[in-house]
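Q: Below is a structure I'd like to ask you about.
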Amino acid sequence: MERGLPLRSAAGENAQRLAWPRENRILRRAEYTACYEGGRRFHTEHFIVFVRFGRGESPAPARLGAAVSRKVGKAVLRNRIKRLLREFFRHYVRRIPDGTDIVVVAKKQAGEAALRQADVDRQLGAALRRAERDARHEGRQAPARS
RNA sequence: GGAGCGGGACGGAUCGUCGCUGCGGGCCGCAAGGCCCGGGGAGGAAAGUCCGGGCUCCGCAGGGCAGGACGCUGGAUAACAUCCAGGAGGGGCGACCCUCGGACAGCGCCACAGAAAGCAAACCGCCGCGCAAGCGGUAAGGGUGAAACGGCGGUGUAAGAGACCGCCAGAUGUCGCAGCGAUGCGGCAUGCUCGGCAUACCCCGUUCGGAGCAAGACCAAAUAGGGAAGGGGCCGGCCCGGCCGUACCUUCCGGGUAGGUUGCUUGAGGGCGCGGGCAACCGCGCUCCUAGAGGAAUGACGAUCGGCGCGCGUUCGCGCGUUACAAAACCCGGCUUACAGGCCCGCUCUCGUC
RNA sequence: CGGGAUGUGGCUCAGCUUGGUAGAGCACAGCGUUCGGGACGCUGGGGCCGCGCGUUCAAAUCGCGCCAUCCCGA
């Protein structure tokens with residue numbers, strides 16, 4: 001709440017719920033590509049995070065997309081990493097502005113390390129704070145691009 | 001006690017908080033949908049995708065060739081490369097394990113060594129004749145090799161040889177008995193003893209149509225159900241044969257969709273009992289319902305108790321570490337591979353004690 | 001879901017069809033040449049042929065099962 005991240009609702013009115021329903025997911029390939037090309041990129045120890053503010057549509061909840069390729073590991077491990085990413089998003093979605101798309105790509109090292117939820121929270125939280133700060137620094141409010 | 005063989009079943013438990021999903025019920029809403037409650041929610045291999053089927057479409061799924069797969073016998077089964085029972089050969093002290101058509105149908109291969117590697121031959125030898133060179137007779141012995149034309153003993157001979165005899169091993173033919181059969185046991189005859197490799201081609205026998213749930217069906221939306229070029233199309237690759245017929249297919253240009261429902265989980269299904277069968281398995285009766293996602297749900301955090309290992313301790317207990325492999329994607333039957341731990345049953349060998 | 005290819009010295013590849021000797025180029029080491037280096041010449045070392053089992057007298061080669069990497073089609 002401090003640190004400048006505004007407290008917004010995830011989807012609809014219920015701001016108290018910590019959920020991750022369908023409209024909060026990035027599904028289409030074109031949306032992923034838009035994030036890769038139009039978003040800011042941040043590297044953490046185990047992930048590459050793309051953040052794109054201000055998607056522009058009127059009902060625009062924040063969304064998350066996870067990309068975990070087969071280089072990372074076998075199916076069980078890949079599923080677990082995706083769930084850890086969703087769990088982070090579920091907890092932090094209230095601090096993310098509406099219309100923000102986040103795509104997280106797992107690096108190969110993510111499979112080799114025994115990740116815990118705390119590790120994911122720390123890395124992605126730091127990346128999001130930097131994205132928010134850079135966006136304010138760049139000019140006006142965060143959703144400046146169109 | 002130690003070492004081992006075969007088979008079977010399991011593969012953490014409970015609670016709290018926050019989430020996901022589909023089912024049932026209730027409430028709100030014109031609707032899309034939302035909220036609340038209840039009870040479900042990964043595996044023995046879900047894996048690799050190596051076989052076999054079901055199901056769906058190709059109108060029907062025909063004949064031949066090509067190609068693939070399989071390969072002792074009998075049975076089980078929807079089917080199989082699986083399973084059960086048996087046979088033969090090989091390995092192991094043993095429990096037990098492994099392998100399986102055909103080499104007088106053809107085409108081939110057998111390096112090096114060796115005289116000679118497959119049908120006939122003779123390097124050193126041995127024997128006879130000859131002064132010698134050499135000629136002839138031999139295949140017992142030597143040596144080479146993965147493999148060398150049966151083995152042992154005798155008769156015989158110039159020296160030798162199944163040349164002949166006895167026993168043994170094998171081959172071929174034939175007969176009898178047992179068995180559904182693979183095959184086994186036994187008798188007789190022939191001195192026949194002329195190899196191996198088909199997991200290289202091949203031959204014989206059996207078997208196989210193609211695709212695959214992104215199969216397929218329905219609804220909705222969208223576009224001019226557009227233009228150009230080529231090909232008649234379909235029935236696994238080819239041929240025959242058949243069927244359909246102005247549709248269909250391919251490529252390019254320019255556009256438009258790529259949303260929802262269904263298929264989707266009750267099935268060659270699981271458990272128990274009885275009966276048949278050596279068994280695999282089958283039949284009958286009762287009973288149970290046990291994931292259905294869709295860029296893809298079963299997770300995160302915390303607590304307690306377990307299992308195993310190590311240390312302190314050695315009654316209790318305490319601390320630390322560890323708790324595997326691996327994620328359903330239409331569904332079954334198998335195979336193969338991965339796996340922390342422990343559990344049960346039967347059996348073998350060996351050591352010690354009584 | 002369906003189909004295909006490749007694993008051989010440090011690197012890039014031959015050899016596999018038709019089984020017996022693993023070879024080439026670059027790289028490496030030594031020597032020569034040069035005042036020295038490069039280039040060049042000569043000599044040399046280096047391989048469990050991805051892993052396991054099988055067939056065979058004998059397997060990089062043939063058969064089966066795994067592992068890894070890469071590429072197509074829907």
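Letters A, B, ... go to the chains of the structure tokens in the order shown; residues in each chain start at 1; ligands are counted from 1 in the same order.
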Using only C-alpha atoms (C1' of nucleotides), which residues sit within 12 Å of B:C50 once same-chain residues fewer than 4 positions away are excluded, as number ranges by chain?
A: B: 81, 334-337; C: 64-66
Q: Could you write out as a PyMOL selection string the residues of chain B within 8 Å of chain A, counting only C-alpha atoms (C1' of nucleotides)?
A: chain B and resi 18-19+295+299-300+326-327
Q: Would you output that residue set with all heavy atoms, as a short mmCIF file (atom, residue, chain, number, x, y, z; two decimals), in the first residue's frame?
A:
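To be explicit, this is the file written out as again29.cif:
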data_model
loop_
_atom_site.label_atom_id
_atom_site.label_comp_id
_atom_site.auth_asym_id
_atom_site.auth_seq_id
_atom_site.Cartn_x
_atom_site.Cartn_y
_atom_site.Cartn_z
P C B 18 -10.37 -18.58 5.32
OP1 C B 18 -11.28 -17.43 5.51
OP2 C B 18 -10.91 -19.95 5.19
"O5'" C B 18 -9.46 -18.29 4.05
"C5'" C B 18 -8.72 -17.08 3.98
"C4'" C B 18 -7.74 -17.11 2.83
"O4'" C B 18 -6.75 -18.14 3.05
"C3'" C B 18 -8.34 -17.49 1.48
"O3'" C B 18 -9.01 -16.41 0.87
"C2'" C B 18 -7.10 -17.95 0.71
"O2'" C B 18 -6.35 -16.84 0.27
"C1'" C B 18 -6.31 -18.67 1.81
N1 C B 18 -6.57 -20.13 1.79
C2 C B 18 -5.84 -20.92 0.90
O2 C B 18 -5.01 -20.40 0.16
N3 C B 18 -6.06 -22.25 0.87
C4 C B 18 -6.97 -22.79 1.68
N4 C B 18 -7.16 -24.10 1.63
C5 C B 18 -7.72 -22.00 2.59
C6 C B 18 -7.49 -20.70 2.61
P G B 19 -10.13 -16.70 -0.26
OP1 G B 19 -10.72 -15.42 -0.64
OP2 G B 19 -10.99 -17.82 0.18
"O5'" G B 19 -9.21 -17.19 -1.45
"C5'" G B 19 -9.71 -18.09 -2.41
"C4'" G B 19 -8.60 -18.53 -3.34
"O4'" G B 19 -7.64 -19.30 -2.59
"C3'" G B 19 -9.07 -19.45 -4.45
"O3'" G B 19 -9.54 -18.71 -5.56
"C2'" G B 19 -7.81 -20.25 -4.75
"O2'" G B 19 -6.92 -19.51 -5.54
"C1'" G B 19 -7.23 -20.41 -3.35
N9 G B 19 -7.75 -21.62 -2.67
C8 G B 19 -8.49 -21.64 -1.53
N7 G B 19 -8.82 -22.83 -1.13
C5 G B 19 -8.26 -23.66 -2.09
C6 G B 19 -8.28 -25.07 -2.20
O6 G B 19 -8.82 -25.88 -1.45
N1 G B 19 -7.60 -25.51 -3.32
C2 G B 19 -6.96 -24.69 -4.22
N2 G B 19 -6.35 -25.29 -5.23
N3 G B 19 -6.92 -23.37 -4.13
C4 G B 19 -7.59 -22.93 -3.05
P G B 295 -7.65 -23.25 -22.39
OP1 G B 295 -8.60 -22.41 -21.67
OP2 G B 295 -7.59 -23.20 -23.86
"O5'" G B 295 -6.19 -22.95 -21.87
"C5'" G B 295 -5.33 -24.01 -21.48
"C4'" G B 295 -3.97 -23.45 -21.17
"O4'" G B 295 -3.22 -23.38 -22.40
"C3'" G B 295 -3.98 -22.06 -20.58
"O3'" G B 295 -2.94 -21.94 -19.62
"C2'" G B 295 -3.69 -21.16 -21.78
"O2'" G B 295 -3.07 -19.95 -21.45
"C1'" G B 295 -2.78 -22.06 -22.62
N9 G B 295 -2.86 -21.80 -24.05
C8 G B 295 -3.94 -22.06 -24.86
N7 G B 295 -3.72 -21.73 -26.09
C5 G B 295 -2.43 -21.22 -26.09
C6 G B 295 -1.65 -20.70 -27.14
O6 G B 295 -1.95 -20.58 -28.33
N1 G B 295 -0.41 -20.30 -26.70
C2 G B 295 0.03 -20.38 -25.43
N2 G B 295 1.26 -19.94 -25.20
N3 G B 295 -0.68 -20.86 -24.42
C4 G B 295 -1.89 -21.26 -24.83
P G B 299 -1.74 -30.94 -4.77
OP1 G B 299 -1.41 -31.70 -5.99
OP2 G B 299 -1.70 -31.61 -3.46
"O5'" G B 299 -0.80 -29.65 -4.71
"C5'" G B 299 -0.38 -29.00 -5.89
"C4'" G B 299 -0.45 -27.50 -5.73
"O4'" G B 299 -1.83 -27.06 -5.68
"C3'" G B 299 0.15 -26.94 -4.46
"O3'" G B 299 1.56 -26.85 -4.52
"C2'" G B 299 -0.53 -25.57 -4.37
"O2'" G B 299 0.06 -24.66 -5.26
"C1'" G B 299 -1.93 -25.90 -4.89
N9 G B 299 -2.89 -26.16 -3.80
C8 G B 299 -3.41 -27.38 -3.43
N7 G B 299 -4.24 -27.29 -2.43
C5 G B 299 -4.27 -25.94 -2.12
C6 G B 299 -4.99 -25.25 -1.13
O6 G B 299 -5.78 -25.70 -0.28
N1 G B 299 -4.73 -23.89 -1.15
C2 G B 299 -3.89 -23.27 -2.02
N2 G B 299 -3.76 -21.96 -1.89
N3 G B 299 -3.20 -23.92 -2.95
C4 G B 299 -3.44 -25.24 -2.95
P A B 300 2.44 -26.94 -3.18
OP1 A B 300 3.85 -27.05 -3.58
OP2 A B 300 1.85 -27.94 -2.27
"O5'" A B 300 2.24 -25.51 -2.52
"C5'" A B 300 2.72 -24.34 -3.16
"C4'" A B 300 2.34 -23.12 -2.37
"O4'" A B 300 0.90 -23.00 -2.33
"C3'" A B 300 2.75 -23.15 -0.91
"O3'" A B 300 4.09 -22.74 -0.74
"C2'" A B 300 1.75 -22.19 -0.27
"O2'" A B 300 2.12 -20.84 -0.49
"C1'" A B 300 0.49 -22.48 -1.09
N9 A B 300 -0.42 -23.44 -0.45
C8 A B 300 -0.56 -24.76 -0.76
N7 A B 300 -1.46 -25.38 -0.04
C5 A B 300 -1.94 -24.40 0.80
C6 A B 300 -2.92 -24.42 1.80
N6 A B 300 -3.61 -25.52 2.13
N1 A B 300 -3.17 -23.27 2.46
C2 A B 300 -2.49 -22.17 2.13
N3 A B 300 -1.55 -22.04 1.20
C4 A B 300 -1.32 -23.20 0.56
P A B 326 11.58 -38.50 -12.40
OP1 A B 326 12.27 -38.58 -13.70
OP2 A B 326 11.90 -37.43 -11.44
"O5'" A B 326 10.00 -38.43 -12.68
"C5'" A B 326 9.41 -39.27 -13.66
"C4'" A B 326 7.94 -39.45 -13.40
"O4'" A B 326 7.72 -39.70 -11.99
"C3'" A B 326 7.04 -38.25 -13.70
"O3'" A B 326 6.72 -38.18 -15.07
"C2'" A B 326 5.83 -38.55 -12.84
"O2'" A B 326 5.00 -39.51 -13.45
"C1'" A B 326 6.47 -39.17 -11.60
N9 A B 326 6.68 -38.19 -10.53
C8 A B 326 7.83 -37.53 -10.22
N7 A B 326 7.71 -36.71 -9.20
C5 A B 326 6.39 -36.84 -8.83
C6 A B 326 5.62 -36.24 -7.83
N6 A B 326 6.11 -35.35 -6.97
N1 A B 326 4.33 -36.59 -7.73
C2 A B 326 3.84 -37.49 -8.58
N3 A B 326 4.46 -38.12 -9.57
C4 A B 326 5.74 -37.75 -9.64
P A B 327 6.23 -36.79 -15.75
OP1 A B 327 6.45 -36.87 -17.17
OP2 A B 327 6.77 -35.65 -14.98
"O5'" A B 327 4.66 -36.87 -15.52
"C5'" A B 327 4.00 -36.03 -14.63
"C4'" A B 327 2.55 -36.36 -14.61
"O4'" A B 327 2.05 -35.96 -13.32
"C3'" A B 327 1.73 -35.60 -15.65
"O3'" A B 327 0.69 -36.43 -16.14
"C2'" A B 327 1.15 -34.43 -14.88
"O2'" A B 327 -0.08 -33.99 -15.36
"C1'" A B 327 1.00 -35.02 -13.47
N9 A B 327 1.13 -34.00 -12.44
C8 A B 327 1.46 -32.69 -12.59
N7 A B 327 1.48 -32.03 -11.47
C5 A B 327 1.14 -32.96 -10.52
C6 A B 327 0.99 -32.88 -9.14
N6 A B 327 1.17 -31.77 -8.46
N1 A B 327 0.64 -34.00 -8.49
C2 A B 327 0.47 -35.12 -9.19
N3 A B 327 0.58 -35.33 -10.50
C4 A B 327 0.93 -34.19 -11.11
#
Q: What is the distance between atom C1' of C:A24 and atom C1' of C:U12, in Å to one decimal?
A: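 Taking atom C1' of C:A24 as the start and atom C1' of C:U12 as the end point, the length is 10.8 Å.
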Q: Find the spatial neighbours of A:Arg63, counting only C-alpha atoms (C1' of nucleotides), within a cut-off of 9 Å - ignore same-chain residues fewer than 2 positions away - and output them as a VMD selection string.
A: chain A and resid 23 to 26 60 to 61 65 89 93 98 to 103
Q: With N, CA, C and O atoms retained, could you export that selection as a tab-separated table (two decimals), in the first residue's frame?
A:
chain	number	residue	atom	x	y	z
A	23	GLU	N	-10.50	-14.36	-15.90
A	23	GLU	CA	-10.26	-13.10	-16.61
A	23	GLU	C	-8.93	-12.47	-16.20
A	23	GLU	O	-8.52	-11.49	-16.80
A	24	ASN	N	-8.27	-13.05	-15.22
A	24	ASN	CA	-6.97	-12.54	-14.81
A	24	ASN	C	-5.82	-13.29	-15.47
A	24	ASN	O	-4.69	-13.18	-15.06
A	25	ARG	N	-6.16	-14.08	-16.49
A	25	ARG	CA	-5.07	-14.82	-17.13
A	25	ARG	C	-4.85	-14.31	-18.55
A	25	ARG	O	-5.79	-13.92	-19.22
A	26	ILE	N	-3.63	-14.34	-18.95
A	26	ILE	CA	-3.30	-14.05	-20.35
A	26	ILE	C	-3.37	-15.37	-21.11
A	26	ILE	O	-2.72	-16.35	-20.74
A	60	ALA	N	-10.68	-3.80	-17.44
A	60	ALA	CA	-9.32	-4.28	-17.66
A	60	ALA	C	-8.67	-4.68	-16.36
A	60	ALA	O	-7.94	-3.91	-15.76
A	61	PRO	N	-8.93	-5.87	-15.88
A	61	PRO	CA	-8.23	-6.32	-14.68
A	61	PRO	C	-6.79	-6.64	-14.99
A	61	PRO	O	-6.42	-6.87	-16.13
A	65	GLY	N	0.50	-14.02	-17.10
A	65	GLY	CA	0.77	-15.16	-17.97
A	65	GLY	C	2.06	-15.80	-17.54
A	65	GLY	O	3.02	-15.12	-17.19
A	89	PHE	N	0.67	-13.99	-7.62
A	89	PHE	CA	-0.25	-13.03	-8.24
A	89	PHE	C	-1.52	-12.90	-7.41
A	89	PHE	O	-2.06	-11.80	-7.23
A	93	VAL	N	-2.31	-9.13	-6.18
A	93	VAL	CA	-3.07	-8.52	-7.26
A	93	VAL	C	-3.69	-7.19	-6.83
A	93	VAL	O	-3.89	-6.30	-7.64
A	98	ASP	N	-4.92	-1.68	-12.44
A	98	ASP	CA	-5.76	-2.30	-13.47
A	98	ASP	C	-5.09	-2.13	-14.83
A	98	ASP	O	-4.37	-1.18	-15.09
A	99	GLY	N	-5.37	-3.09	-15.68
A	99	GLY	CA	-4.87	-2.99	-17.04
A	99	GLY	C	-3.42	-3.36	-17.20
A	99	GLY	O	-2.83	-3.15	-18.25
A	100	THR	N	-2.83	-3.93	-16.13
A	100	THR	CA	-1.43	-4.32	-16.21
A	100	THR	C	-1.33	-5.79	-16.62
A	100	THR	O	-2.04	-6.64	-16.07
A	101	ASP	N	-0.48	-6.05	-17.61
A	101	ASP	CA	-0.21	-7.43	-17.99
A	101	ASP	C	1.18	-7.79	-17.52
A	101	ASP	O	2.14	-7.04	-17.73
A	102	ILE	N	1.28	-8.95	-16.90
A	102	ILE	CA	2.58	-9.44	-16.44
A	102	ILE	C	2.80	-10.81	-17.06
A	102	ILE	O	1.93	-11.68	-16.99
A	103	VAL	N	3.95	-10.97	-17.69
A	103	VAL	CA	4.32	-12.30	-18.18
A	103	VAL	C	5.62	-12.69	-17.50
A	103	VAL	O	6.58	-11.92	-17.50
Q: Pick from A:Arg94, A:Ala113, A:Arg133, A:Tyr32: nearest to A:Ala62, with only C-alpha atoms counted?
A: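 Nearest candidate to A:Ala62 out of A:Arg94, A:Ala113, A:Arg133, A:Tyr32: A:Arg94.
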Q: Could you please determine the separation between atom C1' of B:G137 and atom C1' of B:G153 in Å, to one decimal place?
A: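 Between these atoms lies a distance of 26.0 Å.
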Q: What does the structure give for the distance between atom C1' of C:G54 and atom C1' of B:C100, in Å to one decimal?
A: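 Between these atoms lies a distance of 14.0 Å.
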Q: Using only C-alpha atoms (C1' of nucleotides), which residues sit within 12 Å of A:Leu115 once same-chain residues fewer than 4 positions away are excluded, as a PyMOL selection string?
A: chain A and resi 45-47+77-78+80-85+106+109-111+119-123
Q: Within 10 Å of C:A22, counting only C-alpha atoms (C1' of nucleotides), which residues qualify if same-chain residues fewer than 2 places away don't, as a list in words?
A: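 Counting only the stated atoms, we get U8, G15, G47, C49 and A60 of chain C.
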Q: Looking at only C-alpha atoms (C1' of nucleotides), which of C:G20, C:G63, C:G7, C:G30 is the one that sits closest to C:G50?
A: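 Selected residue with least distance to C:G50: C:G7.
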Q: Can you pull out the residues contacting B:A224? Cut-off 12 Å, using only C-alpha atoms (C1' of nucleotides), and skip same-chain residues under 3 positions away; I want them as a ChimeraX atom specification.
A: /B:227,254-256
Q: Can you spit out the residues from that selection as an mmCIF file, in the first residue's frame, using N, CA and C atoms (P, O5', C5', C4', C3', O3' and C1' of nucleotides)?
A:
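Result saved to result05.cif:
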data_model
loop_
_atom_site.group_PDB
_atom_site.id
_atom_site.type_symbol
_atom_site.label_atom_id
_atom_site.label_comp_id
_atom_site.auth_asym_id
_atom_site.auth_seq_id
_atom_site.Cartn_x
_atom_site.Cartn_y
_atom_site.Cartn_z
ATOM 1 P P G B 227 -15.699 -16.326 -58.598
ATOM 2 O "O5'" G B 227 -14.221 -15.857 -58.959
ATOM 3 C "C5'" G B 227 -13.996 -14.578 -59.522
ATOM 4 C "C4'" G B 227 -12.528 -14.259 -59.589
ATOM 5 C "C3'" G B 227 -11.654 -15.284 -60.295
ATOM 6 O "O3'" G B 227 -11.730 -15.176 -61.703
ATOM 7 C "C1'" G B 227 -10.629 -14.640 -58.278
ATOM 8 P P G B 254 -1.832 -11.132 -51.145
ATOM 9 O "O5'" G B 254 -3.350 -10.693 -50.986
ATOM 10 C "C5'" G B 254 -3.870 -9.621 -51.779
ATOM 11 C "C4'" G B 254 -5.372 -9.546 -51.649
ATOM 12 C "C3'" G B 254 -5.901 -9.585 -50.230
ATOM 13 O "O3'" G B 254 -5.796 -8.335 -49.578
ATOM 14 C "C1'" G B 254 -7.171 -11.042 -51.590
ATOM 15 P P G B 255 -5.763 -8.267 -48.000
ATOM 16 O "O5'" G B 255 -7.299 -8.405 -47.644
ATOM 17 C "C5'" G B 255 -7.723 -9.221 -46.580
ATOM 18 C "C4'" G B 255 -9.191 -9.530 -46.718
ATOM 19 C "C3'" G B 255 -9.830 -10.125 -45.476
ATOM 20 O "O3'" G B 255 -10.199 -9.136 -44.537
ATOM 21 C "C1'" G B 255 -10.374 -11.456 -47.323
ATOM 22 P P G B 256 -9.912 -9.329 -42.997
ATOM 23 O "O5'" G B 256 -11.023 -10.375 -42.584
ATOM 24 C "C5'" G B 256 -12.393 -10.091 -42.828
ATOM 25 C "C4'" G B 256 -13.244 -11.293 -42.585
ATOM 26 C "C3'" G B 256 -13.080 -11.941 -41.219
ATOM 27 O "O3'" G B 256 -13.799 -11.251 -40.210
ATOM 28 C "C1'" G B 256 -13.108 -13.607 -42.900
#
Q: With a distance cut-off of 12 Å and only C-alpha atoms (C1' of nucleotides), select the neighbouring residues of B:G187, excluding the residue or stretch itself and same-chain residues fewer than 4 positions from it, and output the selection as a PyMOL selection string.
A: chain B and resi 174-177
Q: Name the residues of stretch 95-141 of chain A that come out as helix (DSSP H, G or I) in a backbone DSSP run; write them as an NGL selection string.
A: :A and (95 or 109-112 or 117-138)
Q: Those residues with C-alpha atoms, as a compact mmCIF listing (two decimals), in the first residue's frame please?
A:
# COMPACT_ATOMS: atom_id res chain seq x y z
CA ARG A 95 -1.39 -3.75 -5.36
CA GLN A 109 17.85 -22.27 -13.20
CA ALA A 110 14.32 -22.20 -11.79
CA GLY A 111 14.08 -25.93 -12.34
CA GLU A 112 17.39 -26.69 -10.70
CA GLN A 117 6.85 -19.51 -2.22
CA ALA A 118 8.95 -17.00 -0.27
CA ASP A 119 11.60 -17.00 -3.02
CA VAL A 120 9.04 -16.31 -5.70
CA ASP A 121 7.37 -13.56 -3.67
CA ARG A 122 10.67 -11.83 -3.04
CA GLN A 123 11.89 -11.92 -6.65
CA LEU A 124 8.64 -10.93 -8.32
CA GLY A 125 7.80 -8.32 -5.69
CA ALA A 126 11.12 -6.60 -6.30
CA ALA A 127 10.61 -6.68 -10.04
CA LEU A 128 7.16 -5.15 -9.77
CA ARG A 129 8.38 -2.35 -7.48
CA ARG A 130 11.10 -1.51 -9.98
CA ALA A 131 8.61 -1.50 -12.84
CA GLU A 132 6.33 0.83 -10.95
CA ARG A 133 9.17 3.20 -10.06
CA ASP A 134 10.55 3.26 -13.60
CA ALA A 135 7.12 4.00 -14.99
CA ARG A 136 6.64 7.00 -12.68
CA HIS A 137 10.13 8.22 -13.41
CA GLU A 138 9.60 8.06 -17.12
